[in-house]
$ cat structure.txt   # compact mmCIF, N, CA and C atoms
# COMPACT_ATOMS: atom_id res chain seq x y z
N MET A 300 14.93 -62.67 43.35
CA MET A 300 14.52 -62.26 42.03
C MET A 300 13.59 -63.30 41.40
N LYS A 301 13.91 -64.59 41.59
CA LYS A 301 13.06 -65.64 41.02
C LYS A 301 11.68 -65.61 41.67
N LYS A 302 11.63 -65.33 42.96
CA LYS A 302 10.35 -65.27 43.65
C LYS A 302 9.50 -64.12 43.10
N MET A 303 10.14 -62.98 42.87
CA MET A 303 9.43 -61.83 42.32
C MET A 303 8.93 -62.13 40.91
N LEU A 304 9.76 -62.78 40.10
CA LEU A 304 9.39 -63.14 38.74
C LEU A 304 8.21 -64.12 38.73
N SER A 305 8.22 -65.09 39.63
CA SER A 305 7.12 -66.05 39.67
C SER A 305 5.82 -65.39 40.12
N ILE A 306 5.90 -64.37 40.98
CA ILE A 306 4.69 -63.63 41.38
C ILE A 306 4.13 -62.87 40.19
N VAL A 307 5.00 -62.26 39.41
CA VAL A 307 4.56 -61.53 38.22
C VAL A 307 3.91 -62.49 37.22
N VAL A 308 4.50 -63.66 37.01
CA VAL A 308 3.93 -64.65 36.10
C VAL A 308 2.57 -65.11 36.60
N LEU A 309 2.43 -65.34 37.90
CA LEU A 309 1.14 -65.75 38.46
C LEU A 309 0.08 -64.67 38.25
N LEU A 310 0.45 -63.42 38.46
CA LEU A 310 -0.50 -62.33 38.26
C LEU A 310 -0.92 -62.22 36.80
N LEU A 311 0.03 -62.35 35.89
CA LEU A 311 -0.30 -62.30 34.47
C LEU A 311 -1.20 -63.46 34.07
N THR A 312 -0.92 -64.64 34.57
CA THR A 312 -1.75 -65.81 34.28
C THR A 312 -3.16 -65.61 34.80
N ALA A 313 -3.29 -65.10 36.01
CA ALA A 313 -4.62 -64.85 36.58
C ALA A 313 -5.37 -63.81 35.75
N ASN A 314 -4.70 -62.76 35.34
CA ASN A 314 -5.35 -61.73 34.52
C ASN A 314 -5.77 -62.28 33.16
N LEU A 315 -4.95 -63.12 32.56
CA LEU A 315 -5.31 -63.69 31.26
C LEU A 315 -6.50 -64.62 31.39
N SER A 316 -6.58 -65.41 32.45
CA SER A 316 -7.71 -66.32 32.59
C SER A 316 -8.99 -65.55 32.86
N VAL A 317 -8.94 -64.46 33.61
CA VAL A 317 -10.12 -63.64 33.83
C VAL A 317 -10.53 -62.99 32.52
N GLY A 318 -9.56 -62.51 31.75
CA GLY A 318 -9.84 -61.89 30.47
C GLY A 318 -10.48 -62.86 29.49
N GLN A 319 -10.09 -64.11 29.52
CA GLN A 319 -10.68 -65.10 28.62
C GLN A 319 -12.12 -65.37 28.98
N GLU A 320 -12.45 -65.30 30.26
CA GLU A 320 -13.81 -65.56 30.69
C GLU A 320 -14.75 -64.47 30.18
N SER A 321 -14.27 -63.25 30.04
CA SER A 321 -15.13 -62.15 29.65
C SER A 321 -14.98 -61.77 28.18
N LYS A 322 -14.44 -62.65 27.38
CA LYS A 322 -14.24 -62.37 25.97
C LYS A 322 -15.59 -62.23 25.27
N MET A 323 -15.75 -61.12 24.56
CA MET A 323 -17.00 -60.87 23.85
C MET A 323 -16.80 -61.20 22.38
N VAL A 324 -17.73 -61.92 21.82
CA VAL A 324 -17.64 -62.36 20.44
C VAL A 324 -18.80 -61.75 19.66
N SER A 325 -18.53 -61.35 18.43
CA SER A 325 -19.55 -60.75 17.57
C SER A 325 -20.51 -61.83 17.06
N VAL A 326 -21.76 -61.41 16.78
CA VAL A 326 -22.74 -62.35 16.24
C VAL A 326 -22.54 -62.56 14.74
N VAL A 327 -21.66 -61.76 14.13
CA VAL A 327 -21.32 -61.93 12.71
C VAL A 327 -19.81 -62.01 12.57
N THR A 328 -19.36 -62.71 11.55
CA THR A 328 -17.93 -62.77 11.28
C THR A 328 -17.49 -61.47 10.62
N THR A 329 -16.19 -61.25 10.54
CA THR A 329 -15.66 -60.06 9.90
C THR A 329 -16.10 -59.99 8.45
N GLU A 330 -16.06 -61.11 7.77
CA GLU A 330 -16.47 -61.15 6.36
C GLU A 330 -17.96 -60.85 6.20
N GLU A 331 -18.78 -61.41 7.10
CA GLU A 331 -20.21 -61.12 7.05
C GLU A 331 -20.47 -59.63 7.28
N TYR A 332 -19.78 -59.06 8.26
CA TYR A 332 -19.97 -57.65 8.60
C TYR A 332 -19.65 -56.77 7.40
N LYS A 333 -18.58 -57.08 6.68
CA LYS A 333 -18.19 -56.30 5.51
C LYS A 333 -19.27 -56.33 4.42
N SER A 334 -20.00 -57.42 4.33
CA SER A 334 -21.01 -57.57 3.28
C SER A 334 -22.36 -56.96 3.65
N LEU A 335 -22.53 -56.51 4.89
CA LEU A 335 -23.80 -55.93 5.32
C LEU A 335 -23.94 -54.49 4.82
N ASP A 336 -25.19 -54.04 4.60
CA ASP A 336 -25.39 -52.63 4.28
C ASP A 336 -25.36 -51.83 5.59
N GLU A 337 -25.48 -50.51 5.51
CA GLU A 337 -25.33 -49.66 6.69
C GLU A 337 -26.37 -49.96 7.77
N THR A 338 -27.61 -50.19 7.39
CA THR A 338 -28.65 -50.51 8.37
C THR A 338 -28.36 -51.84 9.05
N GLU A 339 -27.95 -52.83 8.28
CA GLU A 339 -27.63 -54.15 8.84
C GLU A 339 -26.41 -54.06 9.76
N LYS A 340 -25.42 -53.24 9.41
CA LYS A 340 -24.26 -53.05 10.28
C LYS A 340 -24.69 -52.41 11.59
N ARG A 341 -25.59 -51.46 11.50
CA ARG A 341 -26.10 -50.81 12.72
C ARG A 341 -26.84 -51.82 13.59
N LEU A 342 -27.65 -52.66 12.97
CA LEU A 342 -28.34 -53.72 13.71
C LEU A 342 -27.33 -54.66 14.36
N ALA A 343 -26.29 -55.05 13.61
CA ALA A 343 -25.26 -55.93 14.16
C ALA A 343 -24.58 -55.29 15.36
N ASP A 344 -24.28 -54.00 15.27
CA ASP A 344 -23.64 -53.30 16.38
C ASP A 344 -24.54 -53.28 17.62
N TYR A 345 -25.82 -52.99 17.41
CA TYR A 345 -26.76 -52.97 18.54
C TYR A 345 -26.93 -54.37 19.15
N VAL A 346 -27.07 -55.37 18.30
CA VAL A 346 -27.23 -56.74 18.82
C VAL A 346 -25.96 -57.18 19.54
N ASN A 347 -24.79 -56.83 19.00
CA ASN A 347 -23.54 -57.14 19.70
C ASN A 347 -23.50 -56.47 21.07
N GLY A 348 -23.95 -55.23 21.14
CA GLY A 348 -24.01 -54.53 22.43
C GLY A 348 -24.97 -55.20 23.40
N ALA A 349 -26.11 -55.65 22.89
CA ALA A 349 -27.09 -56.34 23.73
C ALA A 349 -26.53 -57.67 24.23
N VAL A 350 -25.91 -58.41 23.33
CA VAL A 350 -25.31 -59.70 23.70
C VAL A 350 -24.20 -59.49 24.73
N ALA A 351 -23.37 -58.47 24.52
CA ALA A 351 -22.28 -58.18 25.46
C ALA A 351 -22.85 -57.81 26.82
N SER A 352 -23.95 -57.07 26.84
CA SER A 352 -24.59 -56.71 28.11
C SER A 352 -25.10 -57.94 28.84
N LEU A 353 -25.71 -58.85 28.10
CA LEU A 353 -26.20 -60.08 28.73
C LEU A 353 -25.04 -60.94 29.23
N LYS A 354 -23.98 -61.03 28.44
CA LYS A 354 -22.81 -61.81 28.86
C LYS A 354 -22.14 -61.19 30.08
N ALA A 355 -22.17 -59.86 30.18
CA ALA A 355 -21.56 -59.18 31.32
C ALA A 355 -22.24 -59.56 32.62
N LEU A 356 -23.52 -59.87 32.56
CA LEU A 356 -24.24 -60.30 33.77
C LEU A 356 -23.68 -61.62 34.31
N LYS A 357 -23.12 -62.44 33.42
CA LYS A 357 -22.55 -63.71 33.86
C LYS A 357 -21.31 -63.51 34.73
N LEU A 358 -20.63 -62.39 34.53
CA LEU A 358 -19.42 -62.13 35.30
C LEU A 358 -19.73 -61.95 36.78
N ASN A 359 -20.95 -61.51 37.09
CA ASN A 359 -21.40 -61.38 38.47
C ASN A 359 -22.08 -62.70 38.84
N LYS A 360 -21.33 -63.57 39.44
CA LYS A 360 -21.82 -64.94 39.71
C LYS A 360 -23.07 -64.99 40.57
N SER A 361 -23.34 -63.93 41.35
CA SER A 361 -24.50 -63.96 42.23
C SER A 361 -25.79 -63.59 41.49
N THR A 362 -25.68 -63.09 40.27
CA THR A 362 -26.85 -62.68 39.51
C THR A 362 -27.43 -63.86 38.74
N ASN A 363 -28.73 -64.01 38.79
CA ASN A 363 -29.41 -65.02 37.98
C ASN A 363 -29.64 -64.40 36.60
N TYR A 364 -28.61 -64.44 35.77
CA TYR A 364 -28.65 -63.75 34.47
C TYR A 364 -29.66 -64.34 33.51
N ALA A 365 -30.10 -65.56 33.72
CA ALA A 365 -31.03 -66.21 32.79
C ALA A 365 -32.38 -65.51 32.74
N LYS A 366 -32.73 -64.75 33.77
CA LYS A 366 -34.03 -64.09 33.78
C LYS A 366 -34.00 -62.71 33.12
N TYR A 367 -32.84 -62.32 32.59
CA TYR A 367 -32.71 -61.00 31.98
C TYR A 367 -32.80 -61.07 30.46
N GLU A 368 -33.21 -59.95 29.89
CA GLU A 368 -33.25 -59.78 28.44
C GLU A 368 -32.78 -58.37 28.11
N ALA A 369 -32.34 -58.20 26.89
CA ALA A 369 -31.93 -56.89 26.43
C ALA A 369 -32.96 -56.39 25.42
N SER A 370 -33.35 -55.14 25.56
CA SER A 370 -34.29 -54.53 24.62
C SER A 370 -33.58 -53.44 23.85
N ILE A 371 -33.66 -53.52 22.55
CA ILE A 371 -33.05 -52.52 21.67
C ILE A 371 -34.19 -51.69 21.09
N SER A 372 -34.13 -50.41 21.28
CA SER A 372 -35.07 -49.50 20.65
C SER A 372 -34.32 -48.83 19.51
N ILE A 373 -34.77 -49.03 18.28
CA ILE A 373 -34.02 -48.53 17.13
C ILE A 373 -34.96 -47.87 16.13
N SER A 374 -34.45 -46.82 15.53
CA SER A 374 -35.19 -46.10 14.50
C SER A 374 -34.20 -45.61 13.46
N LEU A 375 -34.62 -45.59 12.21
CA LEU A 375 -33.77 -45.06 11.15
C LEU A 375 -33.96 -43.55 11.00
N ASN A 376 -34.95 -42.98 11.72
CA ASN A 376 -35.19 -41.55 11.69
C ASN A 376 -34.20 -40.86 12.64
N SER A 377 -33.31 -40.04 12.09
CA SER A 377 -32.27 -39.39 12.91
C SER A 377 -32.85 -38.39 13.90
N LYS A 378 -34.09 -37.94 13.70
CA LYS A 378 -34.73 -36.98 14.62
C LYS A 378 -35.41 -37.67 15.80
N ASP A 379 -35.49 -38.97 15.76
CA ASP A 379 -36.13 -39.74 16.84
C ASP A 379 -35.15 -39.88 17.99
N LYS A 380 -35.26 -38.99 18.97
CA LYS A 380 -34.29 -38.94 20.08
C LYS A 380 -34.55 -39.98 21.16
N LEU A 381 -35.73 -40.57 21.20
CA LEU A 381 -36.04 -41.54 22.25
C LEU A 381 -35.71 -42.97 21.85
N SER A 382 -35.32 -43.17 20.61
CA SER A 382 -34.93 -44.50 20.16
C SER A 382 -33.42 -44.60 20.13
N ASN A 383 -32.95 -45.70 19.61
CA ASN A 383 -31.52 -45.95 19.45
C ASN A 383 -30.82 -46.10 20.79
N ASN A 384 -31.29 -47.09 21.57
CA ASN A 384 -30.68 -47.40 22.85
C ASN A 384 -30.86 -48.87 23.17
N ILE A 385 -30.12 -49.31 24.17
CA ILE A 385 -30.20 -50.69 24.65
C ILE A 385 -30.49 -50.62 26.15
N ALA A 386 -31.47 -51.39 26.58
CA ALA A 386 -31.79 -51.49 28.01
C ALA A 386 -31.80 -52.96 28.39
N VAL A 387 -31.29 -53.26 29.57
CA VAL A 387 -31.27 -54.64 30.07
C VAL A 387 -32.11 -54.68 31.34
N GLY A 388 -32.99 -55.65 31.41
CA GLY A 388 -33.83 -55.80 32.59
C GLY A 388 -34.39 -57.20 32.68
N GLU A 389 -35.15 -57.43 33.73
CA GLU A 389 -35.78 -58.73 33.89
C GLU A 389 -36.87 -58.91 32.86
N SER A 390 -37.02 -60.13 32.40
CA SER A 390 -38.02 -60.45 31.38
C SER A 390 -39.42 -60.28 31.95
N ASP A 391 -40.30 -59.70 31.14
CA ASP A 391 -41.70 -59.52 31.54
C ASP A 391 -42.53 -60.76 31.29
N GLY A 392 -41.99 -61.70 30.58
CA GLY A 392 -42.73 -62.91 30.25
C GLY A 392 -42.48 -63.30 28.82
N PRO A 393 -43.32 -64.18 28.28
CA PRO A 393 -43.11 -64.64 26.91
C PRO A 393 -43.37 -63.51 25.92
N PRO A 394 -42.79 -63.60 24.71
CA PRO A 394 -43.02 -62.56 23.70
C PRO A 394 -44.49 -62.49 23.29
N VAL A 395 -44.87 -61.36 22.72
CA VAL A 395 -46.22 -61.16 22.24
C VAL A 395 -46.54 -62.23 21.19
N ALA A 396 -47.78 -62.68 21.16
CA ALA A 396 -48.17 -63.80 20.30
C ALA A 396 -47.90 -63.53 18.82
N ASN A 397 -48.06 -62.29 18.36
CA ASN A 397 -47.87 -62.01 16.93
C ASN A 397 -46.46 -61.50 16.62
N ALA A 398 -45.55 -61.63 17.55
CA ALA A 398 -44.18 -61.14 17.34
C ALA A 398 -43.44 -62.02 16.33
N GLN A 399 -42.59 -61.36 15.56
CA GLN A 399 -41.71 -62.08 14.65
C GLN A 399 -40.43 -62.39 15.40
N SER A 400 -39.75 -63.45 15.01
CA SER A 400 -38.50 -63.77 15.70
C SER A 400 -37.59 -64.57 14.78
N CYS A 401 -36.34 -64.60 15.17
CA CYS A 401 -35.35 -65.44 14.52
C CYS A 401 -34.29 -65.77 15.56
N THR A 402 -33.53 -66.79 15.29
CA THR A 402 -32.47 -67.19 16.20
C THR A 402 -31.13 -67.02 15.52
N ILE A 403 -30.23 -66.33 16.21
CA ILE A 403 -28.88 -66.15 15.71
C ILE A 403 -28.03 -67.23 16.36
N CYS A 404 -27.60 -68.15 15.52
CA CYS A 404 -26.84 -69.29 16.01
C CYS A 404 -25.99 -69.83 14.87
N GLY A 405 -24.78 -69.36 14.77
CA GLY A 405 -23.90 -69.84 13.72
C GLY A 405 -23.77 -68.86 12.57
N VAL A 406 -22.85 -69.17 11.69
CA VAL A 406 -22.52 -68.30 10.56
C VAL A 406 -23.72 -68.16 9.62
N GLY A 407 -24.01 -66.95 9.23
CA GLY A 407 -25.07 -66.68 8.26
C GLY A 407 -26.43 -66.42 8.87
N SER A 408 -26.68 -66.90 10.07
CA SER A 408 -28.01 -66.73 10.65
C SER A 408 -28.29 -65.28 11.03
N ALA A 409 -27.28 -64.54 11.44
CA ALA A 409 -27.48 -63.14 11.81
C ALA A 409 -27.84 -62.31 10.59
N ARG A 410 -27.16 -62.53 9.51
CA ARG A 410 -27.43 -61.74 8.30
C ARG A 410 -28.88 -61.93 7.85
N ASN A 411 -29.36 -63.16 7.84
CA ASN A 411 -30.75 -63.43 7.44
C ASN A 411 -31.72 -62.73 8.39
N CYS A 412 -31.40 -62.75 9.66
CA CYS A 412 -32.25 -62.10 10.67
C CYS A 412 -32.26 -60.59 10.44
N PHE A 413 -31.10 -59.99 10.21
CA PHE A 413 -31.00 -58.54 10.02
C PHE A 413 -31.75 -58.10 8.77
N LYS A 414 -31.77 -58.91 7.73
CA LYS A 414 -32.51 -58.57 6.51
C LYS A 414 -34.01 -58.49 6.82
N ARG A 415 -34.51 -59.42 7.62
CA ARG A 415 -35.93 -59.41 7.98
C ARG A 415 -36.27 -58.16 8.80
N ILE A 416 -35.40 -57.82 9.74
CA ILE A 416 -35.65 -56.63 10.58
C ILE A 416 -35.55 -55.36 9.74
N ARG A 417 -34.58 -55.30 8.84
CA ARG A 417 -34.40 -54.12 7.98
C ARG A 417 -35.66 -53.85 7.18
N THR A 418 -36.33 -54.89 6.73
CA THR A 418 -37.57 -54.73 5.97
C THR A 418 -38.62 -54.01 6.80
N VAL A 419 -38.72 -54.35 8.07
CA VAL A 419 -39.69 -53.71 8.96
C VAL A 419 -39.27 -52.26 9.24
N LEU A 420 -37.99 -52.03 9.45
CA LEU A 420 -37.50 -50.68 9.73
C LEU A 420 -37.67 -49.73 8.54
N ALA A 421 -37.73 -50.28 7.34
CA ALA A 421 -37.81 -49.46 6.13
C ALA A 421 -39.08 -48.60 6.08
N ASN A 422 -40.11 -48.97 6.86
CA ASN A 422 -41.34 -48.18 6.83
C ASN A 422 -41.24 -46.90 7.65
N GLY A 423 -40.11 -46.67 8.33
CA GLY A 423 -39.88 -45.42 9.05
C GLY A 423 -40.30 -45.42 10.51
N GLN A 424 -40.92 -46.47 10.97
CA GLN A 424 -41.36 -46.53 12.36
C GLN A 424 -40.25 -47.09 13.25
N PRO A 425 -40.16 -46.61 14.51
CA PRO A 425 -39.19 -47.20 15.43
C PRO A 425 -39.59 -48.64 15.75
N LEU A 426 -38.63 -49.41 16.18
CA LEU A 426 -38.85 -50.83 16.44
C LEU A 426 -38.19 -51.20 17.76
N VAL A 427 -38.84 -52.04 18.52
CA VAL A 427 -38.25 -52.58 19.74
C VAL A 427 -37.91 -54.04 19.48
N ILE A 428 -36.64 -54.36 19.69
CA ILE A 428 -36.12 -55.70 19.45
C ILE A 428 -35.68 -56.27 20.79
N THR A 429 -36.12 -57.48 21.11
CA THR A 429 -35.75 -58.14 22.35
C THR A 429 -34.73 -59.23 22.05
N VAL A 430 -33.68 -59.28 22.86
CA VAL A 430 -32.62 -60.28 22.70
C VAL A 430 -32.55 -61.10 23.98
N ILE A 431 -32.68 -62.41 23.85
CA ILE A 431 -32.52 -63.30 25.00
C ILE A 431 -31.52 -64.40 24.64
N GLU A 432 -30.82 -64.86 25.64
CA GLU A 432 -29.84 -65.93 25.45
C GLU A 432 -30.55 -67.27 25.43
N THR A 433 -30.14 -68.13 24.50
CA THR A 433 -30.68 -69.50 24.45
C THR A 433 -29.53 -70.47 24.28
N ASN A 434 -29.80 -71.70 24.46
CA ASN A 434 -28.82 -72.77 24.22
C ASN A 434 -27.53 -72.56 25.01
N GLY A 435 -27.66 -72.14 26.26
CA GLY A 435 -26.49 -71.98 27.13
C GLY A 435 -25.55 -70.86 26.72
N GLY A 436 -26.04 -69.89 25.97
CA GLY A 436 -25.20 -68.76 25.59
C GLY A 436 -24.58 -68.87 24.22
N ASP A 437 -24.85 -69.96 23.52
CA ASP A 437 -24.31 -70.13 22.17
C ASP A 437 -25.18 -69.49 21.11
N CYS A 438 -26.45 -69.24 21.44
CA CYS A 438 -27.40 -68.69 20.49
C CYS A 438 -28.23 -67.60 21.16
N TYR A 439 -28.83 -66.75 20.32
CA TYR A 439 -29.65 -65.65 20.84
C TYR A 439 -30.93 -65.57 20.02
N GLN A 440 -32.05 -65.48 20.75
CA GLN A 440 -33.34 -65.32 20.09
C GLN A 440 -33.62 -63.83 20.00
N ILE A 441 -33.93 -63.37 18.79
CA ILE A 441 -34.23 -61.99 18.51
C ILE A 441 -35.73 -61.93 18.20
N THR A 442 -36.46 -61.07 18.92
CA THR A 442 -37.91 -60.96 18.74
C THR A 442 -38.27 -59.50 18.52
N TRP A 443 -39.19 -59.24 17.61
CA TRP A 443 -39.67 -57.87 17.36
C TRP A 443 -41.11 -57.94 16.90
N ASN A 444 -41.83 -56.82 17.06
CA ASN A 444 -43.21 -56.74 16.56
C ASN A 444 -43.55 -55.31 16.18

$ encode --input "structure.txt" --output "structure tokens"
Amino acid sequence: MKKMLSIVVLLLTANLSVGQESKMVSVVTTEEYKSLDETEKRLADYVNGAVASLKALKLNKSTNYAKYEASISISLNSKDKLSNNIAVGESDGPPVANAQSCTICGVGSARNCFKRIRTVLANGQPLVITVIETNGGDCYQITWN
């Protein structure tokens, strides 16, 4: 019985350590999220999905995840069926020279970034936002044009 119990404990410990490695964290705190308007919450959800997609690549140790980026196509127009998605692929190179960008790194930085993007989205045009990991996964550069 003790041998069986120790096997169960070992399996649980192994599962918990694997689960900790794949823990996904939001780019905004719960309090920050509550203070966002609907468009900013939507941006936070999409960026969280993009970040989670990039982090998921790390789970496959054979993948060189550093060369990947996530692209978010977003539109506030509900009839725009080709927008509102996230795609992950290899980076095509540096961002366009006239692209706007911000870095999400720490409390408050995401909200400021989302406000800038919301201003651009307010004109009704769809927007493509690129998310790349920086600083060893602690920060994310958000670029749009």

$ axis_aligned_box --input "structure.txt" --around "region 398-416 of chain A" --padding-each-side "4 Å" --output "JSON"
{"center_x": -34.0, "center_y": -62.6, "center_z": 12.0, "size_x": 31.0, "size_y": 22.5, "size_z": 19.0}

$ residues_around --input "structure.txt" --residues "region 438-441 of chain A" --least-positions-apart "5" --cutoff "5 Å" --atoms "only N, CA and C atoms" --output "PyMOL selection string"
chain A and resi 400-404+429-433

$ closest_residue --input "structure.txt" --among "A:Glu389, A:Ile428, A:Gly435, A:Gly348" --to "Ser370 (chain A)" --atoms "all atoms listed in the file"
A:Ile428

$ atom_distance --input "structure.txt" --atom1 "atom C of Glu368 (chain A)" --atom2 "atom N of Thr329 (chain A)"
24.3 Å

$ residues_around --input "structure.txt" --residues "region 374-381 of chain A" --least-positions-apart "6" --cutoff "6 Å" --atoms "all atoms listed in the file" --output "VMD selection string"
chain A and resid 423 to 426

$ atom_distance --input "structure.txt" --atom1 "atom N of Val427 (chain A)" --atom2 "atom N of Asn383 (chain A)"
8.7 Å

$ residues_around --input "structure.txt" --residues "Lys366 (chain A)" --least-positions-apart "5" --cutoff "8 Å" --atoms "only N, CA and C atoms" --output "ChimeraX atom specification"
/A:388-391

$ write_last_selection --input "structure.txt" --atoms "N, CA and C atoms" --output "CSV table (one decimal), in the frame of the given file"
chain,number,residue,atom,x,y,z
A,388,GLY,N,-33.0,-55.6,31.4
A,388,GLY,CA,-33.8,-55.8,32.6
A,388,GLY,C,-34.4,-57.2,32.7
A,389,GLU,N,-35.2,-57.4,33.7
A,389,GLU,CA,-35.8,-58.7,33.9
A,389,GLU,C,-36.9,-58.9,32.9
A,390,SER,N,-37.0,-60.1,32.4
A,390,SER,CA,-38.0,-60.4,31.4
A,390,SER,C,-39.4,-60.3,32.0
A,391,ASP,N,-40.3,-59.7,31.1
A,391,ASP,CA,-41.7,-59.5,31.5
A,391,ASP,C,-42.5,-60.8,31.3

$ residues_around --input "structure.txt" --residues "Ser325 (chain A)" --least-positions-apart "5" --cutoff "8 Å" --atoms "only N, CA and C atoms" --output "JSON, numbers by chain"
{"A": [343, 346, 347, 348]}

$ atom_distance --input "structure.txt" --atom1 "atom N of Val326 (chain A)" --atom2 "atom C of Thr338 (chain A)"
14.0 Å

$ decode --input "structure.txt" --residues "region 421-443 of chain A" --atoms "N, CA and C atoms" --output "JSON list (two decimals), in the first residue's frame"
[["chain", "number", "residue", "atom", "x", "y", "z"],
["A", 421, "ALA", "N", -10.65, 53.43, -33.30],
["A", 421, "ALA", "CA", -11.86, 54.25, -33.27],
["A", 421, "ALA", "C", -12.24, 54.78, -34.66],
["A", 422, "ASN", "N", -11.29, 54.80, -35.60],
["A", 422, "ASN", "CA", -11.62, 55.30, -36.94],
["A", 422, "ASN", "C", -12.37, 54.27, -37.79],
["A", 423, "GLY", "N", -12.58, 53.06, -37.27],
["A", 423, "GLY", "CA", -13.39, 52.06, -37.96],
["A", 423, "GLY", "C", -12.62, 51.11, -38.86],
["A", 424, "GLN", "N", -11.35, 51.33, -39.04],
["A", 424, "GLN", "CA", -10.56, 50.46, -39.90],
["A", 424, "GLN", "C", -10.01, 49.28, -39.11],
["A", 425, "PRO", "N", -9.88, 48.10, -39.76],
["A", 425, "PRO", "CA", -9.25, 46.97, -39.07],
["A", 425, "PRO", "C", -7.77, 47.27, -38.84],
["A", 426, "LEU", "N", -7.20, 46.59, -37.89],
["A", 426, "LEU", "CA", -5.81, 46.84, -37.50],
["A", 426, "LEU", "C", -5.10, 45.51, -37.31],
["A", 427, "VAL", "N", -3.86, 45.45, -37.73],
["A", 427, "VAL", "CA", -3.03, 44.27, -37.49],
["A", 427, "VAL", "C", -2.00, 44.65, -36.43],
["A", 428, "ILE", "N", -2.00, 43.86, -35.36],
["A", 428, "ILE", "CA", -1.12, 44.10, -34.23],
["A", 428, "ILE", "C", -0.16, 42.92, -34.14],
["A", 429, "THR", "N", 1.13, 43.19, -34.03],
["A", 429, "THR", "CA", 2.13, 42.14, -33.92],
["A", 429, "THR", "C", 2.64, 42.09, -32.49],
["A", 430, "VAL", "N", 2.74, 40.88, -31.95],
["A", 430, "VAL", "CA", 3.21, 40.67, -30.58],
["A", 430, "VAL", "C", 4.45, 39.80, -30.64],
["A", 431, "ILE", "N", 5.55, 40.29, -30.07],
["A", 431, "ILE", "CA", 6.77, 39.49, -29.97],
["A", 431, "ILE", "C", 7.25, 39.50, -28.53],
["A", 432, "GLU", "N", 7.89, 38.43, -28.15],
["A", 432, "GLU", "CA", 8.43, 38.30, -26.80],
["A", 432, "GLU", "C", 9.77, 39.02, -26.72],
["A", 433, "THR", "N", 9.97, 39.75, -25.63],
["A", 433, "THR", "CA", 11.26, 40.41, -25.39],
["A", 433, "THR", "C", 11.68, 40.15, -23.95],
["A", 434, "ASN", "N", 12.88, 40.45, -23.66],
["A", 434, "ASN", "CA", 13.41, 40.37, -22.29],
["A", 434, "ASN", "C", 13.21, 38.98, -21.68],
["A", 435, "GLY", "N", 13.44, 37.94, -22.46],
["A", 435, "GLY", "CA", 13.36, 36.58, -21.96],
["A", 435, "GLY", "C", 11.96, 36.12, -21.58],
["A", 436, "GLY", "N", 10.94, 36.76, -22.13],
["A", 436, "GLY", "CA", 9.57, 36.34, -21.85],
["A", 436, "GLY", "C", 8.88, 37.14, -20.77],
["A", 437, "ASP", "N", 9.57, 38.11, -20.20],
["A", 437, "ASP", "CA", 8.97, 38.94, -19.16],
["A", 437, "ASP", "C", 8.20, 40.11, -19.74],
["A", 438, "CYS", "N", 8.50, 40.48, -20.99],
["A", 438, "CYS", "CA", 7.88, 41.63, -21.62],
["A", 438, "CYS", "C", 7.48, 41.28, -23.05],
["A", 439, "TYR", "N", 6.56, 42.08, -23.60],
["A", 439, "TYR", "CA", 6.10, 41.84, -24.97],
["A", 439, "TYR", "C", 6.03, 43.17, -25.70],
["A", 440, "GLN", "N", 6.60, 43.18, -26.91],
["A", 440, "GLN", "CA", 6.54, 44.37, -27.74],
["A", 440, "GLN", "C", 5.31, 44.24, -28.63],
["A", 441, "ILE", "N", 4.47, 45.28, -28.62],
["A", 441, "ILE", "CA", 3.26, 45.33, -29.40],
["A", 441, "ILE", "C", 3.50, 46.38, -30.49],
["A", 442, "THR", "N", 3.30, 45.99, -31.76],
["A", 442, "THR", "CA", 3.54, 46.90, -32.88],
["A", 442, "THR", "C", 2.30, 46.92, -33.77],
["A", 443, "TRP", "N", 1.94, 48.08, -34.26],
["A", 443, "TRP", "CA", 0.81, 48.23, -35.18],
["A", 443, "TRP", "C", 1.07, 49.39, -36.11]]
